[in-house]
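Printed here is input_1.txt (compact mmCIF, C-alpha atoms):
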```
# COMPACT_ATOMS: atom_id res chain seq x y z
CA MET K 1 0.00 0.00 0.00
CA THR K 2 1.30 3.45 -0.91
CA HIS K 3 2.13 5.71 2.02
CA ILE K 4 1.89 9.50 1.56
CA THR K 5 3.14 12.09 4.06
CA LYS K 6 2.49 15.82 3.60
CA VAL K 7 4.56 18.30 5.60
CA LYS K 8 3.47 21.86 6.38
CA THR K 9 5.90 24.34 7.97
CA GLY K 10 3.42 26.93 9.14
CA SER K 11 4.15 29.32 6.28
CA PRO K 12 1.14 31.53 5.51
CA PHE K 13 1.88 30.95 1.81
CA GLU K 14 1.24 27.21 2.24
CA GLU K 15 -2.17 27.90 3.73
CA HIS K 16 -3.08 30.63 1.23
CA ALA K 17 -2.16 28.55 -1.83
CA SER K 18 -3.10 25.18 -0.27
CA TYR K 19 0.20 23.37 -0.79
CA SER K 20 2.65 21.33 1.25
CA ARG K 21 6.34 22.12 1.68
CA VAL K 22 7.18 18.42 1.37
CA VAL K 23 5.25 15.47 -0.02
CA ALA K 24 6.72 12.01 0.44
CA VAL K 25 5.20 9.14 -1.54
CA ASP K 26 6.82 5.99 -0.20
CA ASN K 27 10.55 6.75 -0.70
CA TRP K 28 10.06 9.53 -3.26
CA ILE K 29 10.24 13.01 -1.69
CA LEU K 30 9.23 16.22 -3.45
CA VAL K 31 10.14 19.58 -1.89
CA SER K 32 8.32 22.70 -3.05
CA ASN K 33 10.22 25.66 -4.45
CA THR K 34 11.91 27.05 -1.33
CA ALA K 35 13.16 30.56 -0.59
CA GLY K 36 15.66 31.78 1.98
CA ARG K 37 13.23 33.09 4.59
CA HIS K 38 14.25 32.07 8.12
CA PRO K 39 11.32 30.08 9.58
CA THR K 40 11.51 31.70 13.04
CA THR K 41 12.63 35.29 12.40
CA LYS K 42 10.92 35.52 8.97
CA GLN K 43 13.96 37.49 7.81
CA ILE K 44 15.50 37.11 4.35
CA PRO K 45 19.24 37.87 4.00
CA ASP K 46 20.22 40.51 1.44
CA ASP K 47 23.20 38.47 0.23
CA VAL K 48 22.44 35.80 -2.40
CA GLY K 49 24.92 33.36 -0.85
CA GLU K 50 23.37 33.75 2.60
CA GLN K 51 19.92 33.27 1.06
CA LEU K 52 21.05 30.03 -0.56
CA LYS K 53 22.47 28.77 2.75
CA GLN K 54 19.08 29.47 4.37
CA VAL K 55 17.30 27.77 1.45
CA PHE K 56 19.37 24.64 2.09
CA ALA K 57 18.67 24.86 5.85
CA ASN K 58 14.93 25.10 5.12
CA ILE K 59 15.07 22.15 2.73
CA GLU K 60 17.15 20.11 5.16
CA ARG K 61 14.54 20.74 7.86
CA GLY K 62 11.74 19.56 5.55
CA LEU K 63 13.66 16.46 4.51
CA ALA K 64 14.45 15.60 8.13
CA ALA K 65 10.71 15.61 8.87
CA VAL K 66 10.37 12.58 6.57
CA ASP K 67 13.58 10.81 7.66
CA SER K 68 15.68 12.06 4.77
CA SER K 69 18.59 14.45 4.22
CA LEU K 70 20.39 16.52 1.61
CA ALA K 71 22.38 13.38 0.72
CA ASP K 72 19.19 11.87 -0.70
CA ILE K 73 18.64 14.67 -3.25
CA ILE K 74 18.68 13.33 -6.80
CA SER K 75 17.33 16.36 -8.71
CA ALA K 76 17.33 20.13 -8.18
CA LYS K 77 15.82 23.09 -9.96
CA ILE K 78 17.60 26.36 -9.19
CA PHE K 79 15.82 29.66 -9.79
CA ILE K 80 18.06 32.77 -9.74
CA GLN K 81 16.46 36.22 -9.88
CA ASP K 82 19.50 38.06 -11.33
CA PRO K 83 21.63 36.24 -13.93
CA ALA K 84 24.68 38.09 -12.54
CA ASP K 85 24.35 35.96 -9.36
CA THR K 86 24.61 32.66 -11.26
CA ASN K 87 28.33 32.09 -10.65
CA THR K 88 27.99 32.77 -6.91
CA VAL K 89 24.93 30.52 -6.59
CA MET K 90 26.46 27.69 -8.60
CA GLY K 91 29.75 27.85 -6.66
CA LEU K 92 27.98 27.59 -3.31
CA PHE K 93 25.59 24.94 -4.62
CA GLY K 94 28.64 22.95 -5.72
CA GLU K 95 30.25 23.26 -2.27
CA ILE K 96 27.12 22.03 -0.50
CA MET K 97 26.21 19.29 -2.97
CA ARG K 98 29.76 18.06 -3.77
CA GLY K 99 29.68 14.27 -3.94
CA ILE K 100 25.88 14.13 -4.02
CA ASP K 101 25.86 15.35 -7.61
CA PRO K 102 22.13 15.56 -8.43
CA VAL K 103 20.86 16.42 -11.88
CA ILE K 104 20.06 20.13 -12.04
CA THR K 105 18.18 22.71 -14.02
CA VAL K 106 19.20 26.36 -13.66
CA THR K 107 17.02 29.21 -14.83
CA CYS K 108 16.74 32.94 -14.24
CA PRO K 109 13.03 33.80 -14.23
CA PRO K 110 11.44 36.59 -12.25
CA LEU K 111 10.65 35.30 -8.76
CA GLY K 112 7.63 36.17 -6.60
CA ALA K 113 9.23 39.33 -5.21
CA GLU K 114 12.52 41.19 -5.70
CA VAL K 115 13.64 40.25 -2.17
CA TYR K 116 13.98 36.61 -3.30
CA LYS K 117 17.34 36.22 -5.01
CA VAL K 118 17.43 32.43 -5.25
CA GLU K 119 14.96 29.58 -4.77
CA LEU K 120 15.43 25.85 -4.98
CA GLU K 121 13.08 22.93 -5.64
CA VAL K 122 14.35 19.40 -5.07
CA THR K 123 13.38 15.78 -5.48
CA ALA K 124 14.90 13.20 -3.16
CA TYR K 125 14.74 9.46 -2.82
CA ARG K 126 14.93 8.22 0.77
CA GLY K 127 18.11 6.16 1.13
CA ALA K 128 19.84 7.45 -2.01
CA GLY K 129 22.61 8.98 0.11
CA SER K 130 23.62 5.59 1.45
CA ALA K 131 23.13 3.62 -1.77
CA GLU K 132 25.98 2.18 -3.78
CA ILE K 133 26.82 4.67 -6.53
CA HIS K 134 28.13 3.72 -9.96
CA ARG K 135 29.68 6.75 -11.69
CA ILE K 136 30.26 6.98 -15.43
CA ASP K 137 32.39 9.69 -17.07
CA THR K 138 31.69 10.00 -20.77
CA SER K 139 34.18 12.86 -21.34
CA ALA K 140 36.95 10.51 -22.53
CA GLN K 141 34.79 8.75 -25.10
```
How does this structure look as structure tokens?
Amino acid sequence: MTHITKVKTGSPFEEHASYSRVVAVDNWILVSNTAGRHPTTKQIPDDVGEQLKQVFANIERGLAAVDSSLADIISAKIFIQDPADTNTVMGLFGEIMRGIDPVITVTCPPLGAEVYKVELEVTAYRGAGSAEIHRIDTSAQ
């Protein structure tokens, strides 16, 4: 039997738009597009790098609620407000996700408000971080 868990964080946006921050269907875990707003203080850092660190903290909190972690991320969609911030965002993303190596999509659309400089949506698979990994490098072929 399929088991579904839906996680709410108390964000007024979740209530207003009737969505969940995290939905886990068996071992598949989908995390909604997440911004860098601190869940307690409601503050959003001005610096794009600090926003991305808070985005990851918010995602990590949501994943932990369903017994998962950043190591289980297999896919990420990165939304960057200002294309000039792409190098900074990608460098920090690489530091945090080094060795996890999910597939990614990067785009620079307008976000919901100018205060949001970066947002991230991820898909995880519970246990992927501890699975045996077979890596293939096609660059030499």
Determine, for each residue of range 8-90 of chain K having at least one atom at most 7 Å from an atom of range 112-130 of chain K, the closest pair of atoms and their separation in Å to one decimal, counting all atoms listed in the file; order by chain and ascending number, as a tab-separated table.
```
residue	atom	partner	partner_atom	distance
K:Asn27	CA	K:Arg126	CA	4.8
K:Trp28	CA	K:Tyr125	CA	4.7
K:Ile29	CA	K:Ala124	CA	4.9
K:Leu30	CA	K:Thr123	CA	4.6
K:Val31	CA	K:Val122	CA	5.3
K:Ser32	CA	K:Glu121	CA	5.4
K:Asn33	CA	K:Glu121	CA	4.1
K:Thr34	CA	K:Leu120	CA	5.2
K:Ala35	CA	K:Glu119	CA	4.7
K:Val48	CA	K:Lys117	CA	5.7
K:Gln51	CA	K:Val118	CA	6.8
K:Leu52	CA	K:Val118	CA	6.4
K:Val55	CA	K:Glu119	CA	6.9
K:Ser68	CA	K:Arg126	CA	5.6
K:Ala71	CA	K:Gly129	CA	4.4
K:Asp72	CA	K:Gly129	CA	4.6
K:Ile73	CA	K:Ala124	CA	4.0
K:Ile74	CA	K:Ala124	CA	5.2
K:Ser75	CA	K:Thr123	CA	5.1
K:Ala76	CA	K:Val122	CA	4.4
K:Lys77	CA	K:Glu121	CA	5.1
K:Ile78	CA	K:Leu120	CA	4.8
K:Phe79	CA	K:Glu119	CA	5.1
K:Ile80	CA	K:Val118	CA	4.5
K:Gln81	CA	K:Lys117	CA	4.9
K:Asp82	CA	K:Lys117	CA	6.9
```
As JSON, numbers by chain, please: the residues near range 56-63 of chain K (cut-off 8 Å, all atoms listed in the file, same-chain neighbours under 2 positions excluded). {"K": [7, 9, 21, 22, 29, 31, 34, 36, 38, 39, 52, 53, 54, 65, 66, 67, 68, 69, 70]}
K:Val89, K:Ile100, K:Met1, K:Cys108 ranked by distance to Ala131 in chain K, top pick (using all atoms listed in the file):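 The closest residue to Ala131 in chain K is K:Ile100.
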If I take CA of Ile133 in chain K and CA of Glu95 in chain K, how far is one from the other in Å, to one decimal? 19.4 Å
Residues within 9 Å of Lys8 in chain K, please, as a ChimeraX atom specification. Count all atoms listed in the file; anything in the same chain fewer than 2 positions from it doesn't count. /K:6,10-11,14-15,19-22,62
